[in-house]
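Here's the structure we're looking at; comments come further down.
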Amino acid sequence: MSIRFDDRVAIVTGAGAGLGRCHALLLAARGARVVVNDPGGAVDGRGGAHAAADRVVEEIRAAGGQAVANYDSVADEQAAQRIVATATEAWGRLDILVNNAGILRDKAFNNLTMEDFRAVVDVHLMGTVYCTKAAWPVMRGQKYGRIVVTTSGSGTVGNFGQSNYGAAKTGVVGLINCLRFEGAKYNILTNAISPSAATRMTEGLLPPDMIPWMKPELVSPAVAYLASEDCKVSGQIIAATAGGYARVQYFVTEGVQFDPAEPVTPEMFADRFDQIGDLSTAQPYTGLMGNVERQLRAIGRIR
Ligand code: NAI
C-alpha cells in the first residue's frame with residue numbers, strides 16, 4: 001500500500017515551523033498541493049513575518065512539490081475564510097485541512113490574565129473552528145474531506161500552568177467528536193493528533209535524554225495517514241511521539257446503578273464512591289448514555 005495525495009489539495013495551518021512544517025513537507029512529498037499557512041511570530045503569538053511560510057513553500061518547491069503561502073491568522077474568522085479561499089482559488093478544491101497552528105501563554109491560573117486565556121483559546125479552539133467552518137461547505141460539496149485537529153496531553157491529562165492551553169486543546173476533541181457524525185454522510189472524516197515533539201514550543205520542557213528522539217517529522221506519518229483516503233476512521237485521537245503511536249480513548253466504569261424510582265442520597269453515593277471509580281470495570285465510552293440504558297433494563301425500569 002502506498003499512501004499518495006496526487007490531485008489532493010491540503011491546508012496546513014501554522015506550517016511555517018515545527019510540526020506543521022513537517023506535515024506540509026510530507027504531504028507535498030506525497031503529491032499534495034499545499035497551502036502553507038503561517039503569519040510567523042513568536043511562540044506567544046506576538047509579532048509576525050512572512051519569512052516563516054515563504055521558507056517552507058520554497059523547500060517544497062525545491063523538492064519538486066507544489067505549494068502556496070498564506071499569512072493569515074487562524075484566530076480571525078474572516079482571515080480563516082481567506083486561508084480556505086487560497087486553496088480553492090489556486091487549485092479549485094480542498095481535500096485536507098490540518099489544524100496545527102498554536103501558541104502558548106503559560107502561567108499559573110492565579111496569575112493568568114483573561115487576555116492570555118482568550119488569546120490561546122482564540123488560536124487553538126476558535127482558530128480550528130473558523131478554519132473547519134470555512135472548509136466544511138467545500139468538503140461537503142465534494143463529498144470528500146479529511147480534517148485533522150491537534151490536541152495535547154496538557155488537556156487530556158492536564159499540566160501545571162497550562163489551563164488556557166489545556167481547555168482549548170480538549171475543546172477541539174469535542175469538536176471532532178460531534179463533527180464525525182455530521183461529516184459521515186459526506187465522507188468527511190475528523191480525527192485528532194496528540195503530538196509530543198522537540199520544537200521551539202517545548203524548548204526547556206522536555207527530558208533531555210528524550211529530545212534527540214522526539215523529532216517532529218516522526219509525528220507527520222500519523223497525520224498523513226489520518227489525512228489520506230486510506231483512513232476510514234473518524235473521531236479518533238492518535239498520540240504520536242518519538243516514533244511511538246497509540247490511540248487515546250475515553251473509558252467509563254461499570255459504576256453503580258441505583259433504582260431511579262427511589263431517592264438517592266449523598267451518603268449512598270459516598271458509600272459506593274470506590275466502586276463507581278473502579279477502573280478495572282472500565283469499557284470504552286462510546287454512547288451518550290454510557291452504561292445506564294443497559295443497567296436500567298437489567299432492573300426492569302426500561303425495556
Ligand atoms: P511551533 O511554535 O513550532 O509551531 C506553531 C506554528 O503555529 C508557528 O509556526 C506559528 O507561527 C503558528 N501560528 C501561531 N499562531 C498562529 C495563528 N494565529 N494562525 C496561524 N498560524 C499560527 O509549535 P509546534 O510544537 O510545532 O506546535 C504545533 C501544534 O502542535 C500546536 O497546535 C501545538 O499546540 C501542538 N502540540 C505540540 C506539542 C509538542 O510537543 N511540540 C505537544 C502537543 C501539542
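The way I read the labels, and the way they are meant: chains A, B, ... in the order of the C-alpha cells, residue 1 as the first residue of every chain, and ligand 1 as the first ligand shown, with later ones counted on from there.
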
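Listed by chain and then by rising number, the residues of stretch 143-273 of chain A that DSSP assigns to strand (DSSP E) from the backbone are Gly145, Arg146, Ile147, Val148, Val149, Thr150, Ile188, Leu189, Thr190, Asn191, Ala192, Ile193, Ser194, Pro195, Ser196, Ile237, Ile238, Ala239, Ala240, Thr241, Gly244, Tyr245, Ala246, Arg247, Val248, Phe251 and Val252 of chain A.
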
Create the file for the chosen residues now, containing N, CA and C atoms and written as a compact mmCIF listing (two decimals), in the first residue's frame.
# COMPACT_ATOMS: atom_id res chain seq x y z
N GLY A 145 -13.54 14.82 2.43
CA GLY A 145 -12.70 15.70 3.25
C GLY A 145 -12.02 14.93 4.37
N ARG A 146 -10.83 15.38 4.70
CA ARG A 146 -10.10 14.80 5.83
C ARG A 146 -9.64 15.97 6.70
N ILE A 147 -10.14 16.01 7.93
CA ILE A 147 -9.78 17.09 8.83
C ILE A 147 -9.03 16.51 10.03
N VAL A 148 -7.88 17.07 10.29
CA VAL A 148 -7.10 16.64 11.46
C VAL A 148 -6.96 17.86 12.38
N VAL A 149 -7.30 17.68 13.65
CA VAL A 149 -7.08 18.74 14.63
C VAL A 149 -5.93 18.31 15.53
N THR A 150 -5.37 19.28 16.23
CA THR A 150 -4.21 18.98 17.08
C THR A 150 -4.58 19.19 18.54
N ILE A 188 -16.56 13.06 5.07
CA ILE A 188 -15.65 13.98 5.76
C ILE A 188 -15.30 13.32 7.09
N LEU A 189 -14.02 12.99 7.27
CA LEU A 189 -13.58 12.33 8.49
C LEU A 189 -12.80 13.33 9.35
N THR A 190 -13.10 13.31 10.64
CA THR A 190 -12.46 14.27 11.55
C THR A 190 -11.73 13.51 12.66
N ASN A 191 -10.42 13.66 12.71
CA ASN A 191 -9.62 12.96 13.72
C ASN A 191 -8.64 13.93 14.37
N ALA A 192 -8.01 13.45 15.43
CA ALA A 192 -7.09 14.31 16.18
C ALA A 192 -5.73 13.66 16.32
N ILE A 193 -4.71 14.50 16.27
CA ILE A 193 -3.36 14.05 16.60
C ILE A 193 -2.99 14.66 17.95
N SER A 194 -2.41 13.86 18.80
CA SER A 194 -1.93 14.35 20.10
C SER A 194 -0.41 14.16 20.10
N PRO A 195 0.32 15.20 19.63
CA PRO A 195 1.76 15.01 19.41
C PRO A 195 2.58 15.34 20.64
N SER A 196 3.80 14.95 20.59
CA SER A 196 4.80 15.43 21.53
C SER A 196 6.11 15.44 20.76
N ILE A 237 -8.42 9.77 18.37
CA ILE A 237 -7.28 10.57 18.81
C ILE A 237 -6.05 9.67 18.77
N ILE A 238 -5.05 10.08 18.02
CA ILE A 238 -3.82 9.29 17.93
C ILE A 238 -2.68 10.08 18.58
N ALA A 239 -2.07 9.46 19.57
CA ALA A 239 -0.90 10.07 20.21
C ALA A 239 0.34 9.66 19.43
N ALA A 240 1.24 10.60 19.22
CA ALA A 240 2.45 10.31 18.43
C ALA A 240 3.63 11.05 19.04
N THR A 241 4.64 10.28 19.39
CA THR A 241 5.88 10.90 19.85
C THR A 241 7.05 9.93 19.73
N GLY A 244 6.69 6.51 18.57
CA GLY A 244 5.66 5.70 19.23
C GLY A 244 4.27 6.24 18.89
N TYR A 245 3.34 5.36 18.60
CA TYR A 245 1.99 5.77 18.20
C TYR A 245 0.97 4.97 19.02
N ALA A 246 -0.07 5.62 19.48
CA ALA A 246 -1.07 4.93 20.29
C ALA A 246 -2.40 5.65 20.15
N ARG A 247 -3.46 4.94 20.50
CA ARG A 247 -4.79 5.55 20.43
C ARG A 247 -5.21 6.02 21.83
N VAL A 248 -5.78 7.20 21.89
CA VAL A 248 -6.29 7.74 23.15
C VAL A 248 -7.81 7.64 23.10
N PHE A 251 -12.78 6.16 28.63
CA PHE A 251 -13.39 4.93 29.15
C PHE A 251 -14.42 5.31 30.22
N VAL A 252 -15.37 4.43 30.45
CA VAL A 252 -16.35 4.65 31.53
C VAL A 252 -16.42 3.38 32.37

Residue neighbourhood A:Pro137, 12 Å, only C-alpha atoms, exclusion window fewer than 5 positions, as a compact mmCIF listing (two decimals) with N, CA and C atoms, in the first residue's frame:
# COMPACT_ATOMS: atom_id res chain seq x y z
N GLN A 81 -11.41 32.34 6.43
CA GLN A 81 -12.06 32.15 5.12
C GLN A 81 -11.07 32.41 3.98
N VAL A 84 -8.85 29.34 3.41
CA VAL A 84 -9.53 28.32 2.59
C VAL A 84 -9.62 28.80 1.14
N ALA A 85 -9.91 30.10 0.96
CA ALA A 85 -10.01 30.63 -0.41
C ALA A 85 -8.67 30.53 -1.13
N THR A 88 -8.83 27.10 -2.66
CA THR A 88 -9.83 26.90 -3.72
C THR A 88 -9.53 27.78 -4.93
N ARG A 93 -10.18 23.18 -5.23
CA ARG A 93 -10.78 22.25 -4.28
C ARG A 93 -10.01 22.28 -2.95
N LEU A 94 -10.50 21.55 -1.98
CA LEU A 94 -9.79 21.42 -0.70
C LEU A 94 -10.14 20.06 -0.11
N ASP A 95 -9.16 19.20 0.00
CA ASP A 95 -9.40 17.84 0.48
C ASP A 95 -8.96 17.62 1.91
N CYS A 131 -11.41 27.71 10.72
CA CYS A 131 -10.89 27.07 9.51
C CYS A 131 -11.77 25.90 9.09
N THR A 132 -12.23 25.14 10.07
CA THR A 132 -13.09 23.99 9.76
C THR A 132 -14.42 24.45 9.19
N GLN A 142 -17.85 18.52 -2.27
CA GLN A 142 -17.05 17.49 -2.97
C GLN A 142 -17.39 16.08 -2.52
N LYS A 143 -18.11 16.00 -1.42
CA LYS A 143 -18.34 14.71 -0.74
C LYS A 143 -17.02 14.02 -0.41
N TYR A 144 -16.08 14.82 0.04
CA TYR A 144 -14.78 14.25 0.47
C TYR A 144 -14.05 15.28 1.32
N GLY A 145 -13.54 14.82 2.43
CA GLY A 145 -12.70 15.70 3.25
C GLY A 145 -12.02 14.93 4.37
N GLU A 182 -21.69 14.49 11.75
CA GLU A 182 -22.21 15.37 10.70
C GLU A 182 -21.47 15.20 9.38
N GLY A 183 -20.21 14.76 9.46
CA GLY A 183 -19.43 14.62 8.24
C GLY A 183 -19.58 13.28 7.56
N TYR A 186 -20.95 12.71 4.12
CA TYR A 186 -20.21 13.39 3.05
C TYR A 186 -18.77 12.90 2.93
N ILE A 188 -16.56 13.06 5.07
CA ILE A 188 -15.65 13.98 5.76
C ILE A 188 -15.30 13.32 7.09

Which residues of chain A sit at most 8 Å from ligand 1, using only C-alpha atoms and all ligand atoms? Give each one's shortest atom pair and distance in Å (one decimal place), in chain and ascending residue order, as a tab-separated table.
residue	atom	partner	partner_atom_place_in_ligand_line	distance
A:Thr13	CA	ligand 1	20 (C)	5.4
A:Gly14	CA	ligand 1	7 (O)	3.4
A:Ala15	CA	ligand 1	9 (O)	5.7
A:Gly16	CA	ligand 1	9 (O)	4.4
A:Ala17	CA	ligand 1	9 (O)	4.1
A:Gly18	CA	ligand 1	26 (O)	3.5
A:Leu19	CA	ligand 1	26 (O)	3.8
A:Gly20	CA	ligand 1	26 (O)	5.7
A:Arg21	CA	ligand 1	26 (O)	7.6
A:Asn37	CA	ligand 1	20 (C)	6.1
A:Asp38	CA	ligand 1	21 (N)	4.3
A:Pro39	CA	ligand 1	21 (N)	5.6
A:Gly40	CA	ligand 1	11 (O)	4.0
A:Gly41	CA	ligand 1	11 (O)	5.0
A:Ala42	CA	ligand 1	11 (O)	6.5
A:Val43	CA	ligand 1	2 (O)	5.0
A:Asp44	CA	ligand 1	14 (C)	7.7
A:Gly45	CA	ligand 1	15 (N)	5.0
A:Gly48	CA	ligand 1	11 (O)	7.5
A:Ala52	CA	ligand 1	9 (O)	6.8
A:Ala53	CA	ligand 1	9 (O)	7.9
A:Tyr71	CA	ligand 1	20 (C)	7.4
A:Asp72	CA	ligand 1	19 (N)	6.2
A:Ser73	CA	ligand 1	19 (N)	3.5
A:Val74	CA	ligand 1	19 (N)	4.1
A:Ala75	CA	ligand 1	18 (N)	4.9
A:Asp76	CA	ligand 1	18 (N)	7.7
A:Asn99	CA	ligand 1	32 (O)	7.4
A:Asn100	CA	ligand 1	32 (O)	4.5
A:Ala101	CA	ligand 1	7 (O)	3.7
A:Gly102	CA	ligand 1	32 (O)	3.8
A:Ile103	CA	ligand 1	14 (C)	5.0
A:Leu104	CA	ligand 1	34 (O)	7.4
A:Asp122	CA	ligand 1	18 (N)	7.9
A:Val123	CA	ligand 1	18 (N)	5.1
A:His124	CA	ligand 1	32 (O)	6.4
A:Gly127	CA	ligand 1	18 (N)	6.9
A:Thr150	CA	ligand 1	32 (O)	5.4
A:Thr151	CA	ligand 1	44 (C)	5.7
A:Ser152	CA	ligand 1	43 (C)	4.1
A:Gly153	CA	ligand 1	43 (C)	6.4
A:Ser154	CA	ligand 1	43 (C)	7.2
A:Tyr165	CA	ligand 1	34 (O)	7.6
A:Lys169	CA	ligand 1	34 (O)	7.4
A:Ser194	CA	ligand 1	43 (C)	5.8
A:Pro195	CA	ligand 1	43 (C)	4.7
A:Ser196	CA	ligand 1	40 (O)	3.3
A:Ala197	CA	ligand 1	40 (O)	3.9
A:Ala198	CA	ligand 1	41 (N)	5.7
A:Thr199	CA	ligand 1	25 (O)	4.8
A:Arg200	CA	ligand 1	3 (O)	5.0
A:Met201	CA	ligand 1	23 (O)	4.6
A:Thr202	CA	ligand 1	41 (N)	5.4
A:Pro216	CA	ligand 1	26 (O)	7.4

Limited to C-alpha atoms, could you put the picked residues into a file as a tab-separated table (two decimals), in the first residue's frame?
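Produced file result.tsv, reproduced below:
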chain	number	residue	atom	x	y	z
A	13	THR	CA	-2.12	25.89	9.46
A	14	GLY	CA	0.93	27.06	11.35
A	15	ALA	CA	3.08	25.28	8.78
A	16	GLY	CA	5.98	27.75	8.92
A	17	ALA	CA	7.77	25.89	11.70
A	18	GLY	CA	7.88	22.82	13.93
A	19	LEU	CA	5.28	20.12	13.42
A	20	GLY	CA	3.24	22.00	10.80
A	21	ARG	CA	6.28	22.37	8.57
A	37	ASN	CA	-0.38	28.98	6.30
A	38	ASP	CA	1.64	30.90	8.87
A	39	PRO	CA	1.65	34.54	9.96
A	40	GLY	CA	5.06	33.98	11.59
A	41	GLY	CA	5.52	35.41	15.07
A	42	ALA	CA	6.80	34.25	18.42
A	43	VAL	CA	5.68	31.26	20.48
A	44	ASP	CA	3.27	33.54	22.37
A	45	GLY	CA	1.69	34.62	19.08
A	48	GLY	CA	4.78	38.20	12.59
A	52	ALA	CA	8.28	31.50	8.00
A	53	ALA	CA	5.66	30.42	5.44
A	71	TYR	CA	-0.02	34.64	6.09
A	72	ASP	CA	-3.41	34.97	7.76
A	73	SER	CA	-4.15	34.25	11.40
A	74	VAL	CA	-6.49	31.35	12.07
A	75	ALA	CA	-7.80	33.30	15.07
A	76	ASP	CA	-9.74	35.68	12.83
A	99	ASN	CA	-5.44	22.41	12.06
A	100	ASN	CA	-1.99	22.69	13.59
A	101	ALA	CA	-1.44	26.39	14.39
A	102	GLY	CA	-0.66	27.08	18.01
A	103	ILE	CA	0.70	29.46	20.61
A	104	LEU	CA	1.49	29.30	24.31
A	122	ASP	CA	-8.76	32.06	20.06
A	123	VAL	CA	-5.89	30.38	18.22
A	124	HIS	CA	-6.30	26.73	19.22
A	127	GLY	CA	-8.91	29.02	15.00
A	150	THR	CA	-4.21	18.98	17.08
A	151	THR	CA	-4.92	18.18	20.70
A	152	SER	CA	-2.49	17.77	23.59
A	153	GLY	CA	-1.78	15.69	26.64
A	154	SER	CA	-1.86	19.02	28.51
A	165	TYR	CA	-3.99	25.69	26.57
A	169	LYS	CA	-6.82	21.61	23.28
A	194	SER	CA	-1.93	14.35	20.10
A	195	PRO	CA	1.76	15.01	19.41
A	196	SER	CA	4.80	15.43	21.53
A	197	ALA	CA	7.93	16.71	19.83
A	198	ALA	CA	11.01	18.83	20.29
A	199	THR	CA	10.08	22.18	18.73
A	200	ARG	CA	10.52	25.77	19.86
A	201	MET	CA	7.22	25.35	21.75
A	202	THR	CA	8.66	22.67	24.02
A	216	PRO	CA	8.71	16.47	14.80

Distance in Å - atom CA of A:Ala222 versus atom CA of A:Val98
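According to the coordinates, atom CA of A:Ala222 and atom CA of A:Val98 are separated by 11.8 Å.
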
Would you give me, as a PyMOL selection string, the residues in stretch 53-92 of chain A that DSSP reads as alpha helix (DSSP H)?
chain A and resi 53-62+77-91

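Using only C-alpha atoms for every distance, the candidate list A:Gly171, A:Gly255, A:Gly158, A:Gly235 yields A:Gly255 as the residue closest to A:Val292.
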
Extract, using only C-alpha atoms, all DNA, RNA and protein residues at most 12 Å from A:Ile302, discarding same-chain residues fewer than 4 positions from it, and format them as JSON, numbers by chain.
{"A": [259, 260, 261, 292, 293, 294, 295, 296, 297, 298]}

One residue among A:Gly31, A:Glu77, A:Arg301, A:Arg140 is nearest to A:Arg61 when using only C-alpha atoms, and that residue is A:Gly31

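Atom CA of A:Pro284 is positioned 26.0 Å from atom CA of A:Ser163.
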